[in-house]
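Comments concern the structure below.
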Amino acid sequence: MRAEQFSGARKLLVPELLMLPEGPKRGQAVLVDGRKFKAVGPARELMAAHPGLRPVRLDGHLIMPGFVDAHHHLTQSFGKAQSFGQPSEIFKTIWEPLEHALDKESAYVSAKLASLEALRGGFTTVADAGTRAPVDVAVLAKATEEAGLRCVLSKVVSDGKGGPEHLRRWEAHPLIHPSLAIPVPEDAPGRILKRTADLCREAGAVFQIHVNEHLASVERSLKSVGRRPVEQLHHLGALGPHTLGSHATLLTPDEMRMLADSGAAISYNPVASAWKGNAVAHATMLAALGVRFGTGTDGTRGDGFRLVDAAETAQRLAYGIAAGDSSCGAGRLWLEHATSLSADALGLGKVTGEIAVGKAADFLVVDIDVPELTPSWDLEWELVRLANRDQITAVVVDGKLRLWEGWPPDWDGPALVAQAAKVGPEVVRRAGLQRVEPR
């Protein structure tokens with residue numbers, strides 16, 4: 001295989017295995033025409049139907065949908081290790097000061113560095129939950145677009161200003177999908193929460209908001225409005241198919257029912273729970289109740305295979321072992337909720353998330369001819385538990401090759417890393433972070 005084989009508007013790709021919505025299949029091919037999948041089917045039939053196209057044979061490789069990160073913070077790249085070993089509400093002590101210390105240049109570098117890491121980890125789409133940095137979010141759009149990453153880009157509108165303009169600004173953009181955000185329900189009056197949710201519903205955009213993540217935030221909500229965060233959104237009429245609640249680790253049965261009945265979606269962020277959360281969202285229960293959910297990194301680490309492993313492992317440790325549940329959803333559930341169902345949670349179910357005709361050509365070429373997957377008995381389980389990002393040979397977004405063997409083919413990734421190594425420490429110095437030093 002060579003990177004040049006992925007150039008050109010029309011490509012007939014014939015992999016060893018193709019991950020379809022019903023599972024992995026042999027003897028299949030895909031025709032990429034421009035930005036989309038034009039045809040998917042038996043390789044012999046597609047090759048016969050397109051004799052003028054030279055097939056690109058990908059022996060020993062899997063083509064699968066790109067991972068979709070349902071919850072990210074692109075402007076928090078410089079502070080990851082600063083958050084290790086800290087009390088759960090690190091947004092107050094680490095992230096707010098760090099983001100406030102960003103300027104236009106450093107916000108751009110942070111977002112582009114996060115985009116590069118996401119691509120290296122197999123993500124073709126990320127949802128940025130809104131930055132507190134004092135910059136125009138166009139800086140983030142520029143960074144993700146240059147990297148070639150699809151982005152659900154939020155603007156924080158806790159003051160009720162700028163929402164309609166932001167939604168119109170990115171209308172019909174091929175890679176930027178506008179979104180509105182309020183960090184937590186307590187950040188805005190009820191009328192602004194409801195109005196923001198309505199704006200997103202009318203525009204077909206997603207309303208992002210952190211809910212029920214930490215015990216302290218649940219208690220603050222109870223003391224201020226007499227309701228838990230999800231209950232408050234439900235009471236205001238701000239829960240609906242356009243609403244994406246992040247984390248939701250502390251849900252009552254009543255709140256789970258509210259989510260299911262309203263059609264609202266959740267971002268299940270297992271690595272965030274392990275690093276600093278109060279609990280693990282009961283994702284298998286959400287699935288059983290029909291609650292829509294995707295999986296998100298929360299900016300912890302941009303690695304899709306480690307994310308699905310963490311999603312299954314956290315569920316097993318928190319709930320499966322105690323219940324004697326040896327399956328915990330099996331491999332397919334976690335792959336679906338990291339790809340197609342994560343796209344659905346972001347309102348992009350008709351755009352990306354699976355290998356299907358008419359969907360955006362967002363996909364990974366994964367080396368499966370490796371010791372870890374030999375012999376292969378159940379590829380979906382094996383991808384969840386055994387696969388690594390170093391097996392990702394190529395990442396294609398919107399029909400264009402964005403990453404080849406770990407690095408972008410059309411811009412200087414190492415130069416960006418070198419720039420971040422200089423800019424990042426200065427931002428952290430300006431932020432004046434106050435950490436609890438572990439003993």
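Identifiers in this document derive from the order of the structure tokens: chains are assigned A, B, ..., residues are numbered from 1 separately in each chain, and ligands are numbered from 1 in order of occurrence.
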
Within 7 Å of Asp59 in chain A using only C-alpha atoms, minus same-chain residues under 2 positions, as a tab-separated table (two decimals) with C-alpha atoms, in the first residue's frame:
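In the end it all went to out23.tsv:
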chain	number	residue	atom	x	y	z
A	15	PRO	CA	-10.12	-4.55	1.73
A	16	GLU	CA	-9.63	-7.93	3.36
A	57	ARG	CA	-6.46	-3.99	-2.93
A	61	HIS	CA	-6.52	-4.66	6.22

Excluding Leu140 in chain A and its own-chain neighbours fewer than 6 positions away, which residues fall within 10 Å of it when counting only C-alpha atoms? Please give them as a list in words.
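Close residues of Leu140 in chain A: Leu74, Thr75, Lys104, Ala107, Tyr108, Val109, Ser110, Ala111, Lys112, Ser115, Asp128, Thr131, Glu146, Cys151, Leu153, Ser154 and Ile176 of chain A.
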
Pick out each residue of range 217-273 of chain A that DSSP on the backbone tags as helix (DSSP H, G or I); I need them as a count of residues only.
31

Please report as JSON lines every residue of range 203-264 of chain A lying within 12 Å of range 296-320 of chain A, along with the nearest atom pair and their distance in Å (one decimal), using only C-alpha atoms.
{"residue": "A:His210", "atom": "CA", "partner": "A:Asp298", "partner_atom": "CA", "distance": 10.7}
{"residue": "A:Glu213", "atom": "CA", "partner": "A:Asp298", "partner_atom": "CA", "distance": 11.8}
{"residue": "A:Leu244", "atom": "CA", "partner": "A:Gly296", "partner_atom": "CA", "distance": 11.5}
{"residue": "A:Gly245", "atom": "CA", "partner": "A:Gly296", "partner_atom": "CA", "distance": 11.3}
{"residue": "A:Ser246", "atom": "CA", "partner": "A:Gly296", "partner_atom": "CA", "distance": 8.5}
{"residue": "A:His247", "atom": "CA", "partner": "A:Gly296", "partner_atom": "CA", "distance": 8.7}
{"residue": "A:Thr249", "atom": "CA", "partner": "A:Ala318", "partner_atom": "CA", "distance": 11.4}

Min atom-atom distance to Asp412 in chain A from the set A:Val56, A:Val126, A:Leu113, A:Val184, counting only C-alpha atoms, belongs to A:Leu113

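Candidate residues A:Leu53, A:Leu348, A:Ala147, A:Leu102 were compared for distance to Trp407 in chain A, and the nearest is A:Ala147, using only C-alpha atoms.
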
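Once Gly204 in chain A and its same-chain neighbours fewer than 4 positions away are set aside, A:Leu167, A:Arg168, A:Glu171, A:Ala172, A:His177, A:Pro178, A:Ser179, A:Leu180, A:Ala197, A:Asp198, A:Leu199, A:Cys200, A:Gly240, A:Pro241, A:His242, A:Thr243, A:Leu346, A:Gly347, A:Leu348, A:Gly349, A:Lys350 remain within 12 Å of it when counting only C-alpha atoms.
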
Could you write out that same residue set with N, CA and C atoms as a short mmCIF file (atom, residue, chain, number, x, y, z; two decimals), in the first residue's frame?
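Writing done, so here's part-v1.cif:
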data_model
loop_
_atom_site.label_atom_id
_atom_site.label_comp_id
_atom_site.auth_asym_id
_atom_site.auth_seq_id
_atom_site.Cartn_x
_atom_site.Cartn_y
_atom_site.Cartn_z
N LEU A 167 -24.88 29.75 14.71
CA LEU A 167 -25.50 28.67 13.95
C LEU A 167 -25.55 28.99 12.46
N ARG A 168 -25.77 30.26 12.12
CA ARG A 168 -25.80 30.66 10.70
C ARG A 168 -24.39 30.71 10.10
N GLU A 171 -23.26 27.39 8.65
CA GLU A 171 -24.29 26.65 7.93
C GLU A 171 -23.71 26.09 6.62
N ALA A 172 -23.94 24.82 6.39
CA ALA A 172 -23.54 24.13 5.15
C ALA A 172 -22.03 23.97 4.99
N HIS A 177 -19.74 21.72 11.98
CA HIS A 177 -21.17 21.61 12.27
C HIS A 177 -21.45 22.43 13.53
N PRO A 178 -22.16 23.54 13.42
CA PRO A 178 -22.33 24.42 14.57
C PRO A 178 -23.20 23.82 15.67
N SER A 179 -22.91 24.23 16.88
CA SER A 179 -23.58 23.73 18.07
C SER A 179 -23.56 24.85 19.11
N LEU A 180 -24.50 24.82 20.03
CA LEU A 180 -24.50 25.77 21.14
C LEU A 180 -24.29 25.02 22.45
N ALA A 197 -31.92 25.65 23.97
CA ALA A 197 -32.40 24.36 23.49
C ALA A 197 -33.33 24.54 22.29
N ASP A 198 -34.19 25.54 22.34
CA ASP A 198 -35.12 25.79 21.24
C ASP A 198 -34.38 26.21 19.97
N LEU A 199 -33.37 27.05 20.12
CA LEU A 199 -32.58 27.47 18.97
C LEU A 199 -31.95 26.27 18.27
N CYS A 200 -31.40 25.35 19.07
CA CYS A 200 -30.76 24.17 18.49
C CYS A 200 -31.80 23.27 17.82
N GLY A 240 -34.56 17.04 24.82
CA GLY A 240 -35.16 16.60 23.57
C GLY A 240 -34.12 15.95 22.70
N PRO A 241 -34.48 15.49 21.50
CA PRO A 241 -33.52 14.82 20.62
C PRO A 241 -32.33 15.69 20.24
N HIS A 242 -32.46 16.98 20.40
CA HIS A 242 -31.38 17.92 20.09
C HIS A 242 -30.44 18.13 21.27
N THR A 243 -30.73 17.57 22.43
CA THR A 243 -29.94 17.79 23.64
C THR A 243 -28.91 16.70 23.83
N LEU A 346 -24.72 13.14 18.18
CA LEU A 346 -24.29 14.48 17.78
C LEU A 346 -25.18 15.09 16.71
N GLY A 347 -26.25 14.39 16.35
CA GLY A 347 -27.12 14.89 15.29
C GLY A 347 -26.54 14.68 13.90
N LEU A 348 -25.54 13.81 13.78
CA LEU A 348 -24.87 13.57 12.50
C LEU A 348 -25.12 12.16 11.97
N GLY A 349 -26.19 11.54 12.43
CA GLY A 349 -26.48 10.18 12.02
C GLY A 349 -26.69 10.03 10.53
N LYS A 350 -27.15 11.07 9.88
CA LYS A 350 -27.35 11.02 8.43
C LYS A 350 -26.09 11.41 7.66
#

Residues of range 195-353 of chain A in strand (DSSP E) according to DSSP, as a list in words?
Val206, Phe207, Gln208, Ile209, His210, Val211, Thr243, Leu244, Gly245, Ser246, His247, Ala265, Ile266, Ser267, Tyr268, Arg292, Phe293, Gly294 and Thr295 of chain A

So that I can check the surroundings of range 339-342 of chain A, please list as a PyMOL selection string every protein, DNA and RNA residue that reaches within 10 Å of it, counting only C-alpha atoms and ignoring chain neighbours fewer than 3 positions away.
chain A and resi 21+64-71+123-126+265-268+292-296+304+333-336+345-355

Could you turn the residues from that selection into a file that holds N, CA, C and O atoms, as a short mmCIF file (atom, residue, chain, number, x, y, z; two decimals), in the first residue's frame?
data_model
loop_
_atom_site.label_atom_id
_atom_site.label_comp_id
_atom_site.auth_asym_id
_atom_site.auth_seq_id
_atom_site.Cartn_x
_atom_site.Cartn_y
_atom_site.Cartn_z
N PRO A 21 -22.68 -2.13 8.84
CA PRO A 21 -23.56 -2.03 10.01
C PRO A 21 -23.93 -3.38 10.61
O PRO A 21 -24.12 -3.49 11.82
N MET A 64 -13.04 0.35 8.31
CA MET A 64 -14.10 0.52 9.31
C MET A 64 -14.43 1.99 9.44
O MET A 64 -13.63 2.86 9.05
N PRO A 65 -15.61 2.32 9.97
CA PRO A 65 -15.94 3.73 10.19
C PRO A 65 -14.96 4.37 11.16
O PRO A 65 -14.43 3.71 12.07
N GLY A 66 -14.71 5.66 10.98
CA GLY A 66 -13.89 6.38 11.94
C GLY A 66 -14.62 6.53 13.26
O GLY A 66 -15.85 6.55 13.32
N PHE A 67 -13.87 6.60 14.33
CA PHE A 67 -14.46 6.83 15.65
C PHE A 67 -15.02 8.26 15.72
O PHE A 67 -14.48 9.19 15.09
N VAL A 68 -16.08 8.42 16.50
CA VAL A 68 -16.73 9.72 16.68
C VAL A 68 -16.67 10.09 18.15
O VAL A 68 -17.28 9.41 18.99
N ASP A 69 -15.93 11.13 18.48
CA ASP A 69 -15.75 11.58 19.86
C ASP A 69 -16.90 12.51 20.22
O ASP A 69 -16.97 13.64 19.77
N ALA A 70 -17.80 12.04 21.08
CA ALA A 70 -19.00 12.80 21.40
C ALA A 70 -18.78 13.89 22.44
O ALA A 70 -19.72 14.66 22.73
N HIS A 71 -17.57 13.99 22.99
CA HIS A 71 -17.34 15.04 23.99
C HIS A 71 -15.85 15.33 24.10
O HIS A 71 -15.07 14.50 24.56
N PHE A 123 -10.02 8.96 15.29
CA PHE A 123 -11.25 9.76 15.29
C PHE A 123 -11.34 10.55 13.99
O PHE A 123 -10.39 11.21 13.58
N THR A 124 -12.49 10.50 13.37
CA THR A 124 -12.74 11.31 12.18
C THR A 124 -13.66 12.48 12.51
O THR A 124 -13.78 13.41 11.71
N THR A 125 -14.32 12.43 13.67
CA THR A 125 -15.22 13.51 14.12
C THR A 125 -15.01 13.73 15.61
O THR A 125 -14.87 12.76 16.37
N VAL A 126 -14.99 14.99 16.02
CA VAL A 126 -15.00 15.32 17.45
C VAL A 126 -16.05 16.39 17.70
O VAL A 126 -16.33 17.22 16.83
N ALA A 265 -29.81 12.68 24.24
CA ALA A 265 -28.63 11.81 24.13
C ALA A 265 -27.65 12.12 25.25
O ALA A 265 -27.66 13.21 25.84
N ILE A 266 -26.77 11.15 25.51
CA ILE A 266 -25.76 11.26 26.54
C ILE A 266 -24.39 10.93 25.92
O ILE A 266 -24.29 10.08 25.04
N SER A 267 -23.35 11.60 26.39
CA SER A 267 -21.99 11.21 26.06
C SER A 267 -21.42 10.46 27.26
O SER A 267 -21.26 11.02 28.34
N TYR A 268 -21.15 9.17 27.04
CA TYR A 268 -20.56 8.31 28.06
C TYR A 268 -19.04 8.45 27.95
O TYR A 268 -18.45 8.13 26.93
N ARG A 292 -30.33 7.19 23.96
CA ARG A 292 -29.28 7.38 22.96
C ARG A 292 -27.98 7.80 23.65
O ARG A 292 -28.00 8.68 24.49
N PHE A 293 -26.89 7.18 23.27
CA PHE A 293 -25.61 7.65 23.82
C PHE A 293 -24.46 7.34 22.88
O PHE A 293 -24.46 6.36 22.14
N GLY A 294 -23.46 8.24 22.94
CA GLY A 294 -22.20 8.03 22.26
C GLY A 294 -21.11 7.93 23.30
O GLY A 294 -21.37 7.97 24.51
N THR A 295 -19.88 7.80 22.84
CA THR A 295 -18.74 7.76 23.75
C THR A 295 -17.84 8.96 23.48
O THR A 295 -17.68 9.38 22.34
N GLY A 296 -17.28 9.50 24.55
CA GLY A 296 -16.45 10.69 24.42
C GLY A 296 -15.18 10.59 25.23
O GLY A 296 -15.13 9.88 26.24
N GLY A 304 -9.10 6.05 19.94
CA GLY A 304 -10.40 5.40 19.81
C GLY A 304 -10.43 3.98 20.33
O GLY A 304 -11.40 3.57 20.98
N LEU A 333 -21.68 -3.74 20.68
CA LEU A 333 -22.34 -2.59 21.32
C LEU A 333 -21.37 -1.42 21.45
O LEU A 333 -21.72 -0.28 21.17
N TRP A 334 -20.14 -1.70 21.86
CA TRP A 334 -19.19 -0.61 22.13
C TRP A 334 -18.67 0.00 20.84
O TRP A 334 -18.46 1.21 20.77
N LEU A 335 -18.50 -0.82 19.79
CA LEU A 335 -18.10 -0.26 18.50
C LEU A 335 -19.21 0.61 17.92
O LEU A 335 -18.95 1.68 17.37
N GLU A 336 -20.46 0.16 18.02
CA GLU A 336 -21.58 0.96 17.50
C GLU A 336 -21.70 2.28 18.23
O GLU A 336 -21.93 3.32 17.61
N ALA A 345 -25.84 10.64 18.32
CA ALA A 345 -25.94 11.50 19.51
C ALA A 345 -25.58 12.94 19.20
O ALA A 345 -26.07 13.87 19.84
N LEU A 346 -24.72 13.14 18.18
CA LEU A 346 -24.29 14.48 17.78
C LEU A 346 -25.18 15.09 16.71
O LEU A 346 -24.88 16.17 16.18
N GLY A 347 -26.25 14.39 16.35
CA GLY A 347 -27.12 14.89 15.29
C GLY A 347 -26.54 14.68 13.90
O GLY A 347 -27.01 15.29 12.93
N LEU A 348 -25.54 13.81 13.78
CA LEU A 348 -24.87 13.57 12.50
C LEU A 348 -25.12 12.16 11.97
O LEU A 348 -24.36 11.65 11.15
N GLY A 349 -26.19 11.54 12.43
CA GLY A 349 -26.48 10.18 12.02
C GLY A 349 -26.69 10.03 10.53
O GLY A 349 -26.43 8.96 9.97
N LYS A 350 -27.15 11.07 9.88
CA LYS A 350 -27.35 11.02 8.43
C LYS A 350 -26.09 11.41 7.66
O LYS A 350 -26.08 11.34 6.43
N VAL A 351 -25.07 11.83 8.38
CA VAL A 351 -23.85 12.34 7.74
C VAL A 351 -22.71 11.33 7.78
O VAL A 351 -22.05 11.08 6.77
N THR A 352 -22.46 10.73 8.94
CA THR A 352 -21.26 9.93 9.14
C THR A 352 -21.53 8.81 10.13
O THR A 352 -22.63 8.64 10.62
N GLY A 353 -20.49 8.00 10.39
CA GLY A 353 -20.58 6.98 11.43
C GLY A 353 -20.66 5.56 10.94
O GLY A 353 -20.53 4.63 11.74
N GLU A 354 -20.90 5.34 9.64
CA GLU A 354 -20.95 3.98 9.13
C GLU A 354 -20.58 3.95 7.65
O GLU A 354 -20.60 4.98 6.97
N ILE A 355 -20.22 2.76 7.19
CA ILE A 355 -19.90 2.55 5.78
C ILE A 355 -21.22 2.28 5.06
O ILE A 355 -21.75 1.17 5.11
#

Among the residues A:Ser327, A:Gln434, A:Thr196, A:Gln208, the one that comes closest to Pro183 in chain A [using only C-alpha atoms]
A:Gln208
